[in-house]
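**Q** Data file work34.cif (mmCIF, C-alpha atoms and all ligand atoms) is appended below.
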```
data_start
loop_
_atom_site.label_atom_id
_atom_site.label_comp_id
_atom_site.auth_asym_id
_atom_site.auth_seq_id
_atom_site.Cartn_x
_atom_site.Cartn_y
_atom_site.Cartn_z
CA MET O 1 61.42 99.39 282.89
CA LYS O 2 63.92 99.57 280.04
CA THR O 3 65.11 102.36 277.80
CA VAL O 4 65.01 101.29 274.16
CA ILE O 5 66.54 102.96 271.10
CA ILE O 6 63.68 103.25 268.61
CA GLY O 7 65.34 105.30 265.86
CA THR O 8 68.72 106.61 264.73
CA GLY O 9 70.02 109.27 262.36
CA SER O 10 73.31 110.83 261.37
CA PHE O 11 74.64 113.66 259.30
CA ALA O 12 78.00 114.94 258.08
CA PRO O 13 78.64 118.11 256.08
CA PRO O 14 78.89 117.44 252.31
CA ARG O 15 82.37 118.96 251.96
CA VAL O 16 84.97 116.13 251.96
CA VAL O 17 88.66 116.81 252.60
CA THR O 18 90.96 113.91 251.71
CA ASN O 19 94.41 113.20 253.11
CA ASP O 20 95.83 114.27 249.75
CA ASP O 21 94.00 117.58 250.04
CA LEU O 22 95.71 118.14 253.40
CA ALA O 23 99.09 117.14 251.97
CA GLU O 24 98.75 120.05 249.52
CA VAL O 25 98.60 122.61 252.33
CA MET O 26 100.77 121.08 255.09
CA ASP O 27 103.74 118.80 255.57
CA THR O 28 101.94 115.46 255.77
CA SER O 29 101.03 112.56 253.49
CA ASP O 30 98.18 110.17 252.83
CA GLU O 31 100.55 107.33 253.73
CA TRP O 32 101.42 108.81 257.17
CA ILE O 33 97.82 109.51 258.12
CA ARG O 34 96.41 106.25 256.77
CA THR O 35 98.99 103.94 258.32
CA ARG O 36 98.99 105.64 261.72
CA THR O 37 95.24 106.21 262.07
CA GLY O 38 93.18 104.51 259.33
CA ILE O 39 91.73 107.87 258.27
CA GLU O 40 91.35 108.51 254.52
CA GLN O 41 89.10 111.56 254.52
CA ARG O 42 86.95 113.71 256.79
CA HIS O 43 83.87 115.91 256.36
CA ILE O 44 84.40 119.56 257.18
CA SER O 45 81.71 122.15 257.75
CA ASP O 46 82.64 125.26 255.81
CA GLY O 47 79.78 127.34 257.19
CA PRO O 48 77.11 126.41 259.69
CA GLY O 49 78.23 124.16 262.47
CA THR O 50 77.07 122.15 265.44
CA THR O 51 73.41 123.18 265.64
CA TRP O 52 72.87 122.58 261.94
CA MET O 53 74.48 119.12 261.93
CA ALA O 54 72.72 118.10 265.15
CA ALA O 55 69.32 119.18 263.85
CA GLU O 56 69.80 117.30 260.56
CA ALA O 57 70.79 114.10 262.41
CA ALA O 58 67.89 114.55 264.83
CA LYS O 59 65.33 114.94 262.01
CA LEU O 60 66.53 111.66 260.48
CA ALA O 61 66.38 109.88 263.84
CA LEU O 62 62.83 111.13 264.46
CA LYS O 63 61.79 109.96 261.00
CA ASP O 64 63.35 106.55 261.62
CA ALA O 65 61.51 106.30 264.95
CA GLY O 66 58.21 107.61 263.59
CA VAL O 67 58.14 110.23 266.36
CA GLU O 68 56.89 113.81 265.98
CA PRO O 69 58.93 116.68 267.51
CA GLU O 70 56.13 117.57 269.92
CA ASP O 71 56.27 114.04 271.35
CA ILE O 72 59.85 114.52 272.60
CA ASP O 73 60.04 115.08 276.36
CA ILE O 74 63.77 115.61 276.72
CA ILE O 75 66.77 116.38 274.50
CA ILE O 76 70.33 115.79 275.69
CA ALA O 77 73.13 116.84 273.36
CA ALA O 78 76.68 115.65 273.94
CA THR O 79 79.09 118.20 272.56
CA THR O 80 82.16 120.26 273.41
CA THR O 81 81.75 122.50 270.39
CA ALA O 82 78.30 124.06 270.74
CA ASP O 83 78.01 127.03 268.42
CA ASN O 84 77.48 129.30 271.43
CA CYS O 85 78.50 129.32 275.10
CA PHE O 86 74.77 129.71 275.55
CA PRO O 87 72.16 128.73 274.63
CA SER O 88 73.00 125.05 274.61
CA ALA O 89 73.10 123.02 271.41
CA ALA O 90 70.14 121.01 272.71
CA CYS O 91 68.00 124.14 273.13
CA GLU O 92 68.97 125.33 269.67
CA VAL O 93 68.00 121.98 268.17
CA GLN O 94 64.75 122.08 270.14
CA GLY O 95 63.98 125.43 268.49
CA ILE O 96 64.70 124.14 264.98
CA LEU O 97 62.66 120.97 265.47
CA GLY O 98 59.79 122.80 267.17
CA ALA O 99 59.95 120.33 270.06
CA GLY O 100 58.00 122.65 272.33
CA ASN O 101 57.19 120.04 274.99
CA ALA O 102 60.81 119.04 275.63
CA VAL O 103 63.49 120.18 278.04
CA GLY O 104 66.95 120.41 276.50
CA TYR O 105 70.50 120.67 277.80
CA ASP O 106 74.05 119.65 276.91
CA VAL O 107 76.54 117.34 278.56
CA SER O 108 80.29 117.77 278.18
CA ALA O 109 82.43 114.64 278.14
CA ALA O 110 84.29 115.12 274.85
CA CYS O 111 84.58 111.91 272.83
CA SER O 112 82.82 109.93 275.61
CA GLY O 113 79.91 112.38 275.42
CA PHE O 114 77.35 110.21 273.66
CA ILE O 115 77.88 107.40 276.19
CA PHE O 116 77.53 109.83 279.11
CA ALA O 117 74.40 111.38 277.56
CA LEU O 118 72.80 108.00 276.86
CA HIS O 119 73.52 106.74 280.39
CA THR O 120 72.15 109.99 281.86
CA MET O 121 69.06 109.72 279.67
CA ASP O 122 68.55 106.08 280.71
CA GLY O 123 68.66 107.02 284.39
CA LEU O 124 66.20 109.90 283.95
CA MET O 125 63.79 107.85 281.85
CA LYS O 126 63.71 105.15 284.51
CA THR O 127 62.56 107.66 287.14
CA GLY O 128 59.35 107.85 285.13
CA ALA O 129 59.80 111.58 284.50
CA TYR O 130 60.08 111.23 280.73
CA GLU O 131 58.78 108.84 278.11
CA THR O 132 60.46 109.82 274.86
CA GLY O 133 63.95 111.30 274.57
CA LEU O 134 66.42 112.44 271.95
CA VAL O 135 70.14 111.88 272.53
CA ILE O 136 72.55 113.64 270.20
CA GLY O 137 76.33 113.35 269.81
CA VAL O 138 77.72 116.21 267.74
CA ASP O 139 81.00 118.00 267.25
CA ASN O 140 82.51 120.59 264.95
CA LEU O 141 86.15 120.09 265.83
CA SER O 142 87.43 121.55 262.58
CA LYS O 143 86.66 124.94 264.15
CA VAL O 144 88.82 124.31 267.24
CA VAL O 145 91.84 122.50 265.81
CA ASP O 146 95.02 124.38 265.13
CA TRP O 147 95.39 123.92 261.37
CA SER O 148 99.11 124.65 261.67
CA ASP O 149 99.58 121.65 264.03
CA ARG O 150 99.81 118.60 261.75
CA SER O 151 99.99 116.22 264.71
CA THR O 152 96.36 116.97 265.67
CA CYS O 153 94.53 118.63 262.77
CA VAL O 154 94.68 115.62 260.43
CA LEU O 155 92.81 113.46 262.95
CA PHE O 156 89.46 115.21 263.21
CA GLY O 157 86.28 115.78 261.24
CA ASP O 158 82.78 117.18 261.75
CA GLY O 159 79.50 115.30 262.16
CA ALA O 160 76.46 114.42 264.22
CA GLY O 161 74.54 111.31 265.23
CA ALA O 162 71.27 110.97 267.12
CA ALA O 163 69.11 108.32 268.74
CA VAL O 164 65.46 108.49 269.80
CA VAL O 165 64.79 106.52 272.96
CA ARG O 166 61.63 105.46 274.72
CA VAL O 167 61.11 103.93 278.11
CA LEU O 168 59.04 100.75 278.11
CA GLU O 169 57.17 99.31 281.08
CA GLU O 170 57.67 95.62 281.95
CA GLU O 171 54.49 94.62 280.11
CA GLU O 172 55.60 96.38 276.91
CA ASP O 173 59.03 94.73 277.11
CA ARG O 174 60.25 93.92 273.61
CA ASP O 175 61.80 90.51 274.26
CA GLY O 176 64.16 92.02 276.82
CA GLY O 177 65.49 94.69 274.45
CA GLY O 178 66.92 97.97 275.75
CA ILE O 179 69.82 99.28 277.79
CA LEU O 180 71.05 96.49 280.08
CA ALA O 181 74.06 98.07 281.81
CA ALA O 182 76.36 101.05 281.69
CA ASP O 183 79.58 102.30 283.22
CA MET O 184 81.31 105.68 283.19
CA GLY O 185 84.59 106.98 284.57
CA SER O 186 86.78 110.05 284.59
CA ASP O 187 90.21 111.07 285.80
CA GLY O 188 90.68 114.83 286.00
CA ARG O 189 94.27 114.33 287.16
CA LYS O 190 95.07 113.56 283.52
CA ALA O 191 93.29 116.60 282.11
CA GLU O 192 96.44 118.02 280.51
CA VAL O 193 96.77 115.08 278.13
CA LEU O 194 93.94 116.36 275.97
CA ARG O 195 92.70 119.90 276.25
CA CYS O 196 91.01 122.72 274.38
CA GLN O 197 91.05 125.94 276.38
CA SER O 198 87.80 127.88 276.33
CA ARG O 199 87.64 131.39 274.98
CA THR O 200 86.52 132.91 278.27
CA MET O 201 89.98 133.72 279.65
CA GLY O 202 89.73 137.47 279.11
CA ASN O 203 89.62 139.63 282.25
CA PHE O 204 88.64 143.28 282.51
CA LEU O 205 90.53 143.81 285.79
CA THR O 206 93.86 142.44 284.57
CA GLY O 207 93.42 143.59 280.98
CA THR O 208 93.93 140.01 279.73
CA LYS O 209 92.50 139.50 276.27
CA PRO O 210 90.71 136.22 275.49
CA GLU O 211 92.88 133.95 273.36
CA PRO O 212 91.33 131.45 270.99
CA GLY O 213 91.85 127.95 272.42
CA TYR O 214 92.94 125.07 270.22
CA ILE O 215 93.18 121.32 270.79
CA THR O 216 96.43 120.15 272.34
CA MET O 217 97.08 116.45 272.76
CA GLU O 218 99.75 114.07 273.96
CA GLY O 219 98.92 111.44 271.36
CA GLN O 220 100.82 108.52 272.80
CA GLU O 221 99.40 109.12 276.30
CA VAL O 222 95.87 109.10 274.86
CA PHE O 223 96.69 105.88 273.01
CA LYS O 224 97.95 104.12 276.16
CA PHE O 225 95.02 105.37 278.25
CA ALA O 226 92.43 104.25 275.67
CA VAL O 227 93.73 100.71 275.19
CA LYS O 228 93.77 100.18 278.97
CA LYS O 229 90.57 101.88 280.14
CA VAL O 230 88.17 100.89 277.35
CA PRO O 231 88.61 97.08 277.68
CA GLU O 232 88.36 97.40 281.50
CA CYS O 233 85.15 99.37 281.19
CA ILE O 234 83.72 96.91 278.66
CA GLN O 235 84.51 94.05 281.06
CA ARG O 236 82.61 95.86 283.79
CA VAL O 237 79.43 96.24 281.71
CA LEU O 238 79.72 92.62 280.60
CA GLU O 239 79.89 91.55 284.25
CA LYS O 240 76.96 93.80 285.18
CA GLY O 241 74.95 92.24 282.34
CA GLY O 242 76.05 88.69 283.19
CA LEU O 243 77.53 88.21 279.70
CA ASP O 244 80.91 87.65 278.14
CA ALA O 245 82.54 89.10 275.05
CA GLY O 246 81.44 86.12 272.94
CA ASP O 247 77.77 87.11 273.49
CA ILE O 248 78.29 90.49 271.87
CA LYS O 249 77.58 90.95 268.16
CA TYR O 250 79.27 94.33 267.79
CA PHE O 251 81.51 96.55 269.86
CA VAL O 252 80.67 100.03 268.56
CA LEU O 253 83.82 101.88 269.58
CA HIS O 254 84.79 105.53 269.47
CA GLN O 255 86.50 106.08 266.14
CA ALA O 256 89.73 107.84 267.11
CA ASN O 257 92.30 105.55 265.59
CA TYR O 258 92.13 102.18 263.79
CA ARG O 259 95.10 100.88 265.78
CA ILE O 260 93.41 101.72 269.10
CA CYS O 261 90.36 99.68 268.06
CA GLU O 262 92.59 96.78 266.94
CA SER O 263 94.37 96.85 270.25
CA ILE O 264 91.06 96.86 272.17
CA ALA O 265 89.87 93.88 270.08
CA LYS O 266 93.06 92.02 270.95
CA ARG O 267 92.64 92.68 274.67
CA LEU O 268 89.02 91.53 274.53
CA LYS O 269 90.11 88.48 272.49
CA VAL O 270 87.53 89.20 269.78
CA SER O 271 88.07 89.41 266.02
CA MET O 272 87.87 92.69 264.11
CA ASP O 273 84.66 91.34 262.47
CA LYS O 274 82.96 92.39 265.70
CA ILE O 275 84.45 95.89 265.61
CA PRO O 276 82.72 97.87 262.86
CA MET O 277 84.81 100.80 261.61
CA ASN O 278 84.08 103.91 259.58
CA ILE O 279 87.01 106.10 260.62
CA GLU O 280 88.28 106.02 257.04
CA HIS O 281 85.31 108.16 255.90
CA TYR O 282 84.89 110.58 258.81
CA GLY O 283 88.08 110.79 260.88
CA ASN O 284 87.47 111.43 264.56
CA THR O 285 84.18 113.34 264.97
CA SER O 286 84.49 113.20 268.79
CA GLY O 287 81.05 112.95 270.43
CA ALA O 288 79.52 111.96 267.08
CA THR O 289 81.57 108.88 266.16
CA ILE O 290 79.53 106.33 268.13
CA PRO O 291 76.03 107.46 267.10
CA ILE O 292 77.11 107.84 263.46
CA LEU O 293 78.45 104.28 263.46
CA LEU O 294 75.37 103.00 265.27
CA ASP O 295 73.15 104.68 262.69
CA GLU O 296 75.11 103.12 259.82
CA LEU O 297 74.72 99.65 261.34
CA ASN O 298 71.01 100.26 261.85
CA ARG O 299 70.44 101.53 258.31
CA GLU O 300 72.47 98.72 256.77
CA GLY O 301 70.14 96.26 258.53
CA LYS O 302 72.99 94.76 260.54
CA LEU O 303 71.14 94.96 263.87
CA GLU O 304 68.47 92.32 264.54
CA PRO O 305 66.13 92.26 267.53
CA GLY O 306 67.89 90.34 270.29
CA ASP O 307 71.42 91.32 269.18
CA LYS O 308 73.57 92.46 272.06
CA ILE O 309 75.95 95.30 271.37
CA ILE O 310 78.30 97.45 273.41
CA LEU O 311 78.94 101.12 272.73
CA ALA O 312 82.21 102.34 274.24
CA GLY O 313 84.23 105.52 274.11
CA PHE O 314 87.01 107.54 275.67
CA GLY O 315 88.08 111.13 275.51
CA ALA O 316 89.19 114.33 277.13
CA GLY O 317 88.70 114.69 280.86
CA LEU O 318 90.03 112.07 280.74
CA THR O 319 86.73 110.23 280.44
CA TRP O 320 85.59 106.77 279.38
CA GLY O 321 82.36 104.82 279.33
CA ALA O 322 80.41 101.90 277.90
CA VAL O 323 76.75 100.98 277.43
CA LEU O 324 75.54 97.40 276.95
CA LEU O 325 72.26 97.12 275.13
CA GLN O 326 70.05 94.59 273.46
CA TRP O 327 68.61 95.74 270.12
N1 LIG O 401 102.13 113.96 259.03
C1 LIG O 401 103.41 113.57 258.98
N2 LIG O 401 104.20 113.44 260.06
C2 LIG O 401 103.64 113.72 261.24
C3 LIG O 401 102.30 114.13 261.38
C4 LIG O 401 101.54 114.24 260.22
N3 LIG O 401 100.25 114.61 260.23
N4 LIG O 401 102.05 114.33 262.69
C5 LIG O 401 103.17 114.06 263.37
N5 LIG O 401 104.15 113.69 262.49
C6 LIG O 401 105.51 113.31 262.77
C7 LIG O 401 106.04 113.86 264.08
O1 LIG O 401 106.52 115.17 263.89
C8 LIG O 401 107.12 112.88 264.41
O2 LIG O 401 108.25 113.21 263.64
P1 LIG O 401 109.73 113.02 264.27
O3 LIG O 401 109.86 111.55 264.57
O4 LIG O 401 110.62 113.49 263.17
O5 LIG O 401 109.77 113.85 265.50
C9 LIG O 401 106.59 111.56 263.89
O6 LIG O 401 105.57 111.89 262.94
C10 LIG O 401 106.00 110.67 264.95
O7 LIG O 401 105.13 111.47 265.77
P2 LIG O 401 104.34 110.82 266.93
O8 LIG O 401 103.47 111.85 267.56
O9 LIG O 401 105.30 110.06 267.81
O10 LIG O 401 103.43 109.79 266.14
P3 LIG O 401 102.64 108.54 266.67
O11 LIG O 401 103.19 107.33 266.05
O12 LIG O 401 102.47 108.57 268.16
O13 LIG O 401 101.23 108.81 266.04
C11 LIG O 401 99.07 109.60 266.68
C12 LIG O 401 100.49 109.98 266.40
C13 LIG O 401 98.43 109.05 265.42
C14 LIG O 401 98.30 110.84 267.13
C15 LIG O 401 99.08 108.52 267.81
O14 LIG O 401 99.83 108.95 268.91
C16 LIG O 401 97.71 108.20 268.25
O15 LIG O 401 96.96 107.60 267.53
N6 LIG O 401 97.39 108.57 269.49
C17 LIG O 401 96.06 108.34 270.00
C18 LIG O 401 95.42 109.63 270.17
C19 LIG O 401 94.22 109.78 269.33
O16 LIG O 401 93.81 108.97 268.55
N7 LIG O 401 93.64 110.92 269.54
C20 LIG O 401 92.48 111.26 268.85
C21 LIG O 401 91.81 112.37 269.54
S1 LIG O 401 91.52 112.09 271.16
C22 LIG O 401 90.16 111.28 271.36
O17 LIG O 401 89.42 111.02 270.45
C23 LIG O 401 89.85 110.92 272.68
#
```
Show me, as structure tokens, the structure contained in the file I just sent.

**A**
Amino acid sequence: MKTVIIGTGSFAPPRVVTNDDLAEVMDTSDEWIRTRTGIEQRHISDGPGTTWMAAEAAKLALKDAGVEPEDIDIIIAATTTADNCFPSAACEVQGILGAGNAVGYDVSAACSGFIFALHTMDGLMKTGAYETGLVIGVDNLSKVVDWSDRSTCVLFGDGAGAAVVRVLEEEEDRDGGGILAADMGSDGRKAEVLRCQSRTMGNFLTGTKPEPGYITMEGQEVFKFAVKKVPECIQRVLEKGGLDAGDIKYFVLHQANYRICESIAKRLKVSMDKIPMNIEHYGNTSGATIPILLDELNREGKLEPGDKIILAGFGAGLTWGAVLLQW
């Protein structure tokens, strides 16, 4: 049994905010942002948020897969910025799609979320409980960044990406295609490095009022963590799959910072030709970066049957993870 991606979709809000736009309202510059991160612009949702973006990406993924909403058995959305504490983003998307036969829920692993959701989906599909699934990575970080903190707010953008997956029995095996191996990790001892406090801290008994939580980040700690953990995790999935880095066509990495991706490429001893990037257009869309990039590669016809690719991410938790798959 293998879980195969049979369709992808992505969506970002139409409103684009360039580095120069930011430089008009805060003490920053296009040069600072571009040279330190590779980001040139980001998409910002000025109204509706996570549910809307997720549903738009999901509709495109379903169309690409040729799957009707009622055929979906399970929806897992990876997000830390669901529009509501409850219901989950997945249930909201289910309602919009009219996917009445599905069960939906969210997973929370920040920027590693899509990897965690895909690995979770793979495990569930292989139990035989579900046949067709929808995995979504979506975040609306522009609503939880502190726009007076230039060291974080310039990094993020909004967006969503989705993949439709189906489990295939041995006899339906498409030339060995599907998810071949995965690996996830977390270290809660480093939680302080990257945090966004929830808005549930109010307390009737003590009279404490809930405070809005904003992203706080120790940028250099995140940098060091990412360039160590991601290559290690990629090596583990390569070993599990019996492959080496040279066998991989693309490493689809979380788009947090161009320099982090360069550093990972160096540690893996692969050229940047194997590391597709789109951070310049979107900034860091957290749980959405990997499925957006995957969708772009798919739509540009860059993925051929038989190609082996690795999706890998890292984020708050701290969390990290990688999935090896054959297209
Ligand atoms: N514009 C201009 N100057 C700025 C800005 C800005 N937007 N932000 C910070 N600065 C200034 C600082 O105030 C500081 O000034 P000082 O030297 O006078 O004190 C100077 O730039 C250097 O600040 P640092 O924080 O040391 O900058 P650094 O070179 O570390 O770059 C960055 C910051 C880009 C965040 C880097 O640490 C990084 O890439 N870290 C990785 C973290 C990351 O990518 N996080 C993304 C989200 S997390 C995730 O996706 C998992």

**Q** List all protein, DNA and RNA residues that have an atom no more than 6 Å from any atom of ligand LIG 401 (chain O), counting only C-alpha atoms and all ligand atoms, and report them as a list in words.

**A** Thr28, Ser29, Trp32, Arg36, Thr37, Cys111, Arg150, Ser151, Val154, Gly219, Gln220, Val222, Phe223, Ala256, Asn257, Ser286, Phe314, Gly315 and Ala316 of chain O

**Q** Excluding stretch 39-41 of chain O and any residue of its chain fewer than 2 positions from it, enumerate the residues within 7 Å of it, using all atoms listed in the file, and give them as a CSV table (one decimal) with C-alpha atoms, keeping the file's coordinate frame.

**A**
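The result, written out as selection_1.csv:
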```csv
chain,number,residue,atom,x,y,z
O,16,VAL,CA,85.0,116.1,252.0
O,17,VAL,CA,88.7,116.8,252.6
O,18,THR,CA,91.0,113.9,251.7
O,19,ASN,CA,94.4,113.2,253.1
O,33,ILE,CA,97.8,109.5,258.1
O,34,ARG,CA,96.4,106.2,256.8
O,37,THR,CA,95.2,106.2,262.1
O,279,ILE,CA,87.0,106.1,260.6
O,280,GLU,CA,88.3,106.0,257.0
O,281,HIS,CA,85.3,108.2,255.9
O,282,TYR,CA,84.9,110.6,258.8
O,283,GLY,CA,88.1,110.8,260.9
```

**Q** Need the shell around stretch 132-143 of chain O: protein/DNA/RNA residues with any atom at most 7 Å away, counting all atoms listed in the file. Skip same-chain ones fewer than 4 positions apart. Format as a ChimeraX atom specification?

**A** /O:44,49-50,54,71-81,113-114,117-118,156-167,285-288,291

**Q** Identify which of the residues O:Leu243, O:Val237, O:Asn278, O:Asn101 lies closest to O:Glu70, counting only C-alpha atoms when measuring atom-to-atom distances.

**A**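 Result for the nearest residue to O:Glu70: O:Asn101.
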
**Q** Residues around (67.6, 115.2, 261.4), cut-off 10 Å, counting only C-alpha atoms - what are they as a count of residues only?

**A** 22

**Q** Just to confirm, what's the straight-line distance from atom CA of O:Gly185 to atom CA of O:Thr319 in Å (one decimal)?

**A**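 So the answer is 5.7 Å.
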
**Q** Show me as a list in words the residues that reach within 12 Å of (78.4, 101.1, 285.2), counting only C-alpha atoms and using the file's own coordinates.

**A**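 Protein, DNA and RNA residues close to (78.4, 101.1, 285.2): Ile115, Phe116, His119, Thr120, Asp122, Gly123, Ile179, Leu180, Ala181, Ala182, Asp183, Met184, Gly185, Glu232, Cys233, Ile234, Gln235, Arg236, Val237, Leu238, Glu239, Lys240, Gly241, Ala312, Trp320, Gly321, Ala322, Val323 and Leu324 of chain O.
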
**Q** If you count all atoms listed in the file, which residues fall within 12 Å of O:Trp327, apart from same-chain ones fewer than 3 positions away, as a count of residues only?

**A** 33

**Q** Closest to O:Leu318 among O:Arg189, O:Arg15, O:Lys126, O:His43, using only C-alpha atoms?

**A**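 For O:Leu318, the nearest of the candidates is O:Arg189.
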
**Q** Just checking: using only C-alpha atoms, which residue out of O:Lys190, O:Arg42, O:Lys274, O:Lys266 ends up closest to O:Cys153?

**A**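 Closest to O:Cys153 of all the choices is O:Arg42.
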
**Q** Could you check the closest approach to O:Asp187 for each of O:Gly317, O:Val67, O:Phe204, O:Met26 and tell me which residue wins, using all atoms listed in the file?

**A** O:Gly317

**Q** From the set O:Pro231, O:Gly202, O:Pro48, O:Gly213, which residue has the shortest atom-to-atom contact distance to O:Gly313, counting all atoms listed in the file?

**A**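 Going through O:Pro231, O:Gly202, O:Pro48, O:Gly213 one by one, the smallest distance to O:Gly313 is for O:Pro231.
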
**Q** What does the structure give for the distance between atom CA of O:Leu293 and atom CA of O:His254, in Å to one decimal?

**A** 8.8 Å
